[in-house]
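Data from model_39.cif: mmCIF, C-alpha atoms
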data_run
#
loop_
_atom_site.group_PDB
_atom_site.id
_atom_site.type_symbol
_atom_site.label_atom_id
_atom_site.label_comp_id
_atom_site.auth_asym_id
_atom_site.auth_seq_id
_atom_site.Cartn_x
_atom_site.Cartn_y
_atom_site.Cartn_z
ATOM 1 C CA ILE A 43 61.439 -50.336 17.002
ATOM 2 C CA THR A 44 61.255 -46.635 16.159
ATOM 3 C CA GLY A 45 59.540 -44.734 13.378
ATOM 4 C CA ASN A 46 56.500 -42.811 12.310
ATOM 5 C CA LEU A 47 53.587 -44.832 13.625
ATOM 6 C CA PHE A 48 51.265 -43.518 10.939
ATOM 7 C CA GLN A 49 53.356 -44.791 8.004
ATOM 8 C CA PRO A 50 51.894 -47.956 6.472
ATOM 9 C CA THR A 51 55.357 -49.439 5.807
ATOM 10 C CA ASN A 52 56.366 -49.032 9.462
ATOM 11 C CA LEU A 53 53.095 -50.520 10.710
ATOM 12 C CA GLU A 54 53.437 -53.425 8.270
ATOM 13 C CA GLY A 55 56.958 -54.134 9.561
ATOM 14 C CA LEU A 56 55.828 -53.921 13.176
ATOM 15 C CA GLU A 57 52.935 -56.286 12.548
ATOM 16 C CA TRP A 58 55.267 -58.745 10.768
ATOM 17 C CA TYR A 59 57.665 -58.553 13.733
ATOM 18 C CA LEU A 60 54.905 -59.237 16.266
ATOM 19 C CA ASN A 61 53.593 -62.198 14.264
ATOM 20 C CA ASN A 62 56.928 -63.741 13.302
ATOM 21 C CA VAL A 63 59.655 -62.704 15.767
ATOM 22 C CA HIS A 64 58.221 -61.509 19.074
ATOM 23 C CA ARG A 65 56.723 -64.848 20.108
ATOM 24 C CA HIS A 66 60.142 -66.520 19.821
ATOM 25 C CA LEU A 67 61.643 -64.053 22.308
ATOM 26 C CA ILE A 68 58.998 -63.865 25.057
ATOM 27 C CA GLY A 69 60.943 -66.221 27.349
ATOM 28 C CA THR A 70 64.330 -64.640 26.644
ATOM 29 C CA ARG A 71 65.969 -63.041 29.672
ATOM 30 C CA GLY A 72 66.001 -59.248 29.377
ATOM 31 C CA TYR A 73 63.643 -59.116 26.386
ATOM 32 C CA GLU A 74 60.921 -56.529 26.067
ATOM 33 C CA LEU A 75 59.833 -54.916 22.806
ATOM 34 C CA TRP A 76 59.804 -51.128 22.953
ATOM 35 C CA VAL A 77 57.975 -49.302 20.187
ATOM 36 C CA ALA A 78 58.558 -45.554 19.982
ATOM 37 C CA GLY A 79 57.407 -43.083 17.408
ATOM 38 C CA SER A 80 55.314 -40.230 16.251
ATOM 39 C CA THR A 81 51.599 -40.470 15.587
ATOM 40 C CA GLY A 82 51.866 -37.338 13.461
ATOM 41 C CA GLY A 83 49.149 -35.722 15.543
ATOM 42 C CA ARG A 84 46.710 -38.411 14.471
ATOM 43 C CA LYS A 85 44.781 -40.735 16.737
ATOM 44 C CA PRO A 86 46.706 -44.029 16.966
ATOM 45 C CA ALA A 87 45.403 -46.633 14.535
ATOM 46 C CA GLU A 88 43.379 -49.577 15.789
ATOM 47 C CA PHE A 89 46.424 -51.795 15.283
ATOM 48 C CA LEU A 90 48.517 -49.639 17.638
ATOM 49 C CA ASN A 91 45.802 -49.811 20.285
ATOM 50 C CA ARG A 92 45.992 -53.624 20.047
ATOM 51 C CA LEU A 93 49.691 -53.516 21.015
ATOM 52 C CA GLU A 94 48.606 -53.264 24.633
ATOM 53 C CA ALA A 95 47.277 -56.838 24.357
ATOM 54 C CA PHE A 96 50.736 -58.271 23.626
ATOM 55 C CA SER A 97 52.887 -59.284 26.555
ATOM 56 C CA HIS A 98 56.398 -57.831 26.814
ATOM 57 C CA VAL A 99 55.523 -54.770 24.703
ATOM 58 C CA LYS A 100 55.870 -51.161 25.815
ATOM 59 C CA VAL A 101 54.752 -48.278 23.571
ATOM 60 C CA PHE A 102 56.001 -44.678 23.660
ATOM 61 C CA TYR A 103 53.900 -42.271 21.598
ATOM 62 C CA ASP A 104 55.135 -38.887 20.386
ATOM 63 C CA VAL A 105 58.380 -38.827 22.368
ATOM 64 C CA PRO A 106 60.114 -35.522 21.484
ATOM 65 C CA ASN A 107 63.595 -37.003 21.895
ATOM 66 C CA LEU A 108 64.570 -40.675 21.663
ATOM 67 C CA ASP A 109 67.924 -40.337 23.465
ATOM 68 C CA SER A 110 66.665 -41.766 26.771
ATOM 69 C CA ILE A 111 65.001 -44.685 25.006
ATOM 70 C CA TYR A 112 68.156 -45.542 23.055
ATOM 71 C CA ARG A 113 70.182 -45.412 26.298
ATOM 72 C CA GLU A 114 67.982 -48.151 27.768
ATOM 73 C CA CYS A 115 67.944 -50.432 24.720
ATOM 74 C CA ALA A 116 70.334 -53.296 24.058
ATOM 75 C CA VAL A 117 69.259 -53.935 20.438
ATOM 76 C CA ALA A 118 67.478 -51.878 17.785
ATOM 77 C CA VAL A 119 65.224 -53.628 15.283
ATOM 78 C CA ASN A 120 64.096 -52.454 11.856
ATOM 79 C CA PRO A 121 61.697 -55.107 10.505
ATOM 80 C CA MET A 122 60.555 -53.152 7.426
ATOM 81 C CA ARG A 123 59.230 -55.300 4.598
ATOM 82 C CA HIS A 124 58.847 -52.517 2.007
ATOM 83 C CA GLY A 125 60.147 -48.986 1.596
ATOM 84 C CA ALA A 126 62.482 -46.789 -0.361
ATOM 85 C CA SER A 127 65.459 -44.501 0.266
ATOM 86 C CA VAL A 128 67.929 -44.441 3.148
ATOM 87 C CA LYS A 129 66.539 -45.855 6.374
ATOM 88 C CA LEU A 130 67.465 -43.097 8.805
ATOM 89 C CA LYS A 131 66.023 -44.990 11.787
ATOM 90 C CA SER A 132 68.668 -47.688 11.235
ATOM 91 C CA LEU A 133 71.489 -45.136 11.070
ATOM 92 C CA ASP A 134 70.067 -43.256 14.058
ATOM 93 C CA ALA A 135 70.132 -46.383 16.251
ATOM 94 C CA ILE A 136 73.761 -47.042 15.355
ATOM 95 C CA CYS A 137 74.698 -43.407 15.990
ATOM 96 C CA HIS A 138 73.145 -43.803 19.446
ATOM 97 C CA GLY A 139 75.345 -46.840 20.103
ATOM 98 C CA VAL A 140 72.701 -49.517 19.692
ATOM 99 C CA PRO A 141 73.429 -52.571 17.512
ATOM 100 C CA LEU A 142 71.001 -53.181 14.679
ATOM 101 C CA VAL A 143 69.035 -56.263 13.676
ATOM 102 C CA SER A 144 67.115 -55.640 10.483
ATOM 103 C CA THR A 145 65.582 -56.939 7.317
ATOM 104 C CA GLN A 146 67.423 -56.191 4.083
ATOM 105 C CA VAL A 147 64.906 -53.428 3.341
ATOM 106 C CA GLY A 148 65.715 -51.883 6.738
ATOM 107 C CA ILE A 149 69.351 -51.270 5.725
ATOM 108 C CA GLU A 150 68.669 -50.498 2.068
ATOM 109 C CA GLY A 151 70.426 -47.350 0.909
ATOM 110 C CA THR A 152 72.794 -47.242 3.902
ATOM 111 C CA ALA A 153 75.716 -49.312 2.509
ATOM 112 C CA LEU A 154 75.818 -51.198 5.840
ATOM 113 C CA ARG A 155 77.158 -54.727 5.382
ATOM 114 C CA THR A 156 75.324 -57.760 6.681
ATOM 115 C CA GLY A 157 77.150 -59.477 9.521
ATOM 116 C CA VAL A 158 79.712 -56.672 9.763
ATOM 117 C CA HIS A 159 77.635 -53.606 10.625
ATOM 118 C CA ALA A 160 74.197 -55.140 11.263
ATOM 119 C CA LEU A 161 72.610 -58.559 11.582
ATOM 120 C CA VAL A 162 70.064 -59.118 8.831
ATOM 121 C CA SER A 163 67.340 -61.695 8.291
ATOM 122 C CA GLU A 164 64.075 -62.087 6.425
ATOM 123 C CA ARG A 165 62.928 -65.024 8.565
ATOM 124 C CA GLY A 166 61.267 -64.501 11.927
ATOM 125 C CA ASP A 167 62.992 -67.372 13.714
ATOM 126 C CA GLU A 168 66.409 -66.275 12.471
ATOM 127 C CA MET A 169 65.792 -62.631 13.404
ATOM 128 C CA ALA A 170 64.744 -63.786 16.880
ATOM 129 C CA SER A 171 67.956 -65.805 17.114
ATOM 130 C CA HIS A 172 70.022 -62.729 16.178
ATOM 131 C CA ILE A 173 68.266 -60.617 18.811
ATOM 132 C CA GLY A 174 68.560 -63.306 21.478
ATOM 133 C CA SER A 175 72.260 -63.803 20.797
ATOM 134 C CA LEU A 176 72.931 -60.063 21.090
ATOM 135 C CA LEU A 177 70.933 -59.765 24.314
ATOM 136 C CA SER A 178 73.194 -62.330 25.937
ATOM 137 C CA ALA A 179 76.495 -61.044 24.510
ATOM 138 C CA PRO A 180 77.395 -57.450 25.497
ATOM 139 C CA GLU A 181 80.840 -57.725 23.882
ATOM 140 C CA ARG A 182 79.324 -58.820 20.570
ATOM 141 C CA ARG A 183 76.878 -55.903 20.732
ATOM 142 C CA ARG A 184 79.779 -53.500 21.344
ATOM 143 C CA ASN A 185 81.847 -54.965 18.479
ATOM 144 C CA LEU A 186 78.941 -54.701 16.037
ATOM 145 C CA VAL A 187 78.236 -51.091 17.034
ATOM 146 C CA ASP A 188 81.922 -50.132 16.908
ATOM 147 C CA ALA A 189 82.278 -51.518 13.375
ATOM 148 C CA ALA A 190 79.080 -49.804 12.235
ATOM 149 C CA GLN A 191 79.940 -46.461 13.837
ATOM 150 C CA SER A 192 83.431 -46.494 12.319
ATOM 151 C CA PHE A 193 81.904 -47.237 8.926
ATOM 152 C CA LEU A 194 79.379 -44.407 9.290
ATOM 153 C CA ALA A 195 82.072 -41.955 10.417
ATOM 154 C CA GLU A 196 84.070 -42.733 7.266
ATOM 155 C CA THR A 197 81.264 -43.135 4.764
ATOM 156 C CA TYR A 198 79.086 -40.225 5.875
ATOM 157 C CA ASN A 199 81.905 -37.762 6.652
ATOM 158 C CA GLN A 200 81.067 -34.983 4.202
ATOM 159 C CA LYS A 201 84.321 -33.076 4.716
ATOM 160 C CA GLN A 202 86.393 -36.183 4.041
ATOM 161 C CA GLN A 203 84.289 -37.113 1.009
ATOM 162 C CA LEU A 204 84.519 -33.585 -0.422
ATOM 163 C CA ALA A 205 88.288 -33.460 0.150
ATOM 164 C CA GLY A 206 88.599 -36.760 -1.703
ATOM 165 C CA LEU A 207 86.558 -35.451 -4.610
ATOM 166 C CA ILE A 208 88.505 -32.187 -4.817
ATOM 167 C CA GLY A 209 91.815 -34.029 -4.515
ATOM 168 C CA SER A 210 90.945 -36.294 -7.434
ATOM 169 C CA VAL A 211 90.272 -33.387 -9.813
#

What do you get writing this file as structure tokens?
Amino acid sequence: ITGNLFQPTNLEGLEWYLNNVHRHLIGTRGYELWVAGSTGGRKPAEFLNRLEAFSHVKVFYDVPNLDSIYRECAVAVNPMRHGASVKLKSLDAICHGVPLVSTQVGIEGTALRTGVHALVSERGDEMASHIGSLLSAPERRRNLVDAAQSFLAETYNQKQQLAGLIGSV
């Protein structure tokens, strides 16, 4: 899970994940929740300090570049419950070659399709099942990322989009 760790919507999503998904995955081979993000120069909130009490959780505060973290991750999770606009953290994970498991809010504004570009669930047990299935299936992870990256390359290619607009005039 990545994001600004001072944003209430990100903290709400993280807390929901810990209460509803994390416990289902504790015994899953290869599972460890990594949380990485900016504190915005603020002291971490009491909730973030409590993360240390959870087993299988590792926290990275104020990492200047997430590349090394993405390289080590098998699955990216965006458990946001509320929010607006394009969820750049979801697109960023895909761009880094990491398959995405998210809530619907976590892919809102991206045009990503459920089951094609990302696995999506609002239920904790189902989200845990998606994550567990991806952890044990490298080929499925690769296929999901390939489909999502191809979609992003087409959909977010500004030159191609502009050429299409100019050509239709």

* Please tell me which residues are no farther than 10 Å from (67.3, -55.8, 19.9) in the file, counting only C-alpha atoms, and write them as an MDAnalysis selection string. => chainID A and resid 43 73:76 115:120 140:144 169:170 172:177 183

For the residues selected in the previous step, produce a file with C-alpha atoms as a PDB file, keeping the file's coordinate frame.
ATOM      1  CA  ILE A  43      61.439 -50.336  17.002  1.00  0.00           C
ATOM      2  CA  TYR A  73      63.643 -59.116  26.386  1.00  0.00           C
ATOM      3  CA  GLU A  74      60.921 -56.529  26.067  1.00  0.00           C
ATOM      4  CA  LEU A  75      59.833 -54.916  22.806  1.00  0.00           C
ATOM      5  CA  TRP A  76      59.804 -51.128  22.953  1.00  0.00           C
ATOM      6  CA  CYS A 115      67.944 -50.432  24.720  1.00  0.00           C
ATOM      7  CA  ALA A 116      70.334 -53.296  24.058  1.00  0.00           C
ATOM      8  CA  VAL A 117      69.259 -53.935  20.438  1.00  0.00           C
ATOM      9  CA  ALA A 118      67.478 -51.878  17.785  1.00  0.00           C
ATOM     10  CA  VAL A 119      65.224 -53.628  15.283  1.00  0.00           C
ATOM     11  CA  ASN A 120      64.096 -52.454  11.856  1.00  0.00           C
ATOM     12  CA  VAL A 140      72.701 -49.517  19.692  1.00  0.00           C
ATOM     13  CA  PRO A 141      73.429 -52.571  17.512  1.00  0.00           C
ATOM     14  CA  LEU A 142      71.001 -53.181  14.679  1.00  0.00           C
ATOM     15  CA  VAL A 143      69.035 -56.263  13.676  1.00  0.00           C
ATOM     16  CA  SER A 144      67.115 -55.640  10.483  1.00  0.00           C
ATOM     17  CA  MET A 169      65.792 -62.631  13.404  1.00  0.00           C
ATOM     18  CA  ALA A 170      64.744 -63.786  16.880  1.00  0.00           C
ATOM     19  CA  HIS A 172      70.022 -62.729  16.178  1.00  0.00           C
ATOM     20  CA  ILE A 173      68.266 -60.617  18.811  1.00  0.00           C
ATOM     21  CA  GLY A 174      68.560 -63.306  21.478  1.00  0.00           C
ATOM     22  CA  SER A 175      72.260 -63.803  20.797  1.00  0.00           C
ATOM     23  CA  LEU A 176      72.931 -60.063  21.090  1.00  0.00           C
ATOM     24  CA  LEU A 177      70.933 -59.765  24.314  1.00  0.00           C
ATOM     25  CA  ARG A 183      76.878 -55.903  20.732  1.00  0.00           C
TER      26      ARG A 183
END

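Our summary of the geometry notes that CA of Ala126 in chain A is positioned 17.1 Å from CA of Val162 in chain A.
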
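What the PyMOL selection byres ((chain A and resi 156) around 12) matches in the given file is A:Leu142, A:Val143, A:Ser144, A:Thr145, A:Gln146, A:Val147, A:Gly148, A:Ile149, A:Glu150, A:Thr152, A:Ala153, A:Leu154, A:Arg155, A:Gly157, A:Val158, A:His159, A:Ala160, A:Leu161, A:Val162, A:Ser163, A:His172, A:Leu186, A:Ala189, A:Ala190.
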
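Between CA of Val101 in chain A and CA of Arg71 in chain A the separation is 19.5 Å.
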
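With all atoms listed in the file as the atoms that count, the minimum distance from His98 in chain A to the choices A:Val128, A:Ala179, A:Ile68, A:Ala78 is reached by A:Ile68.
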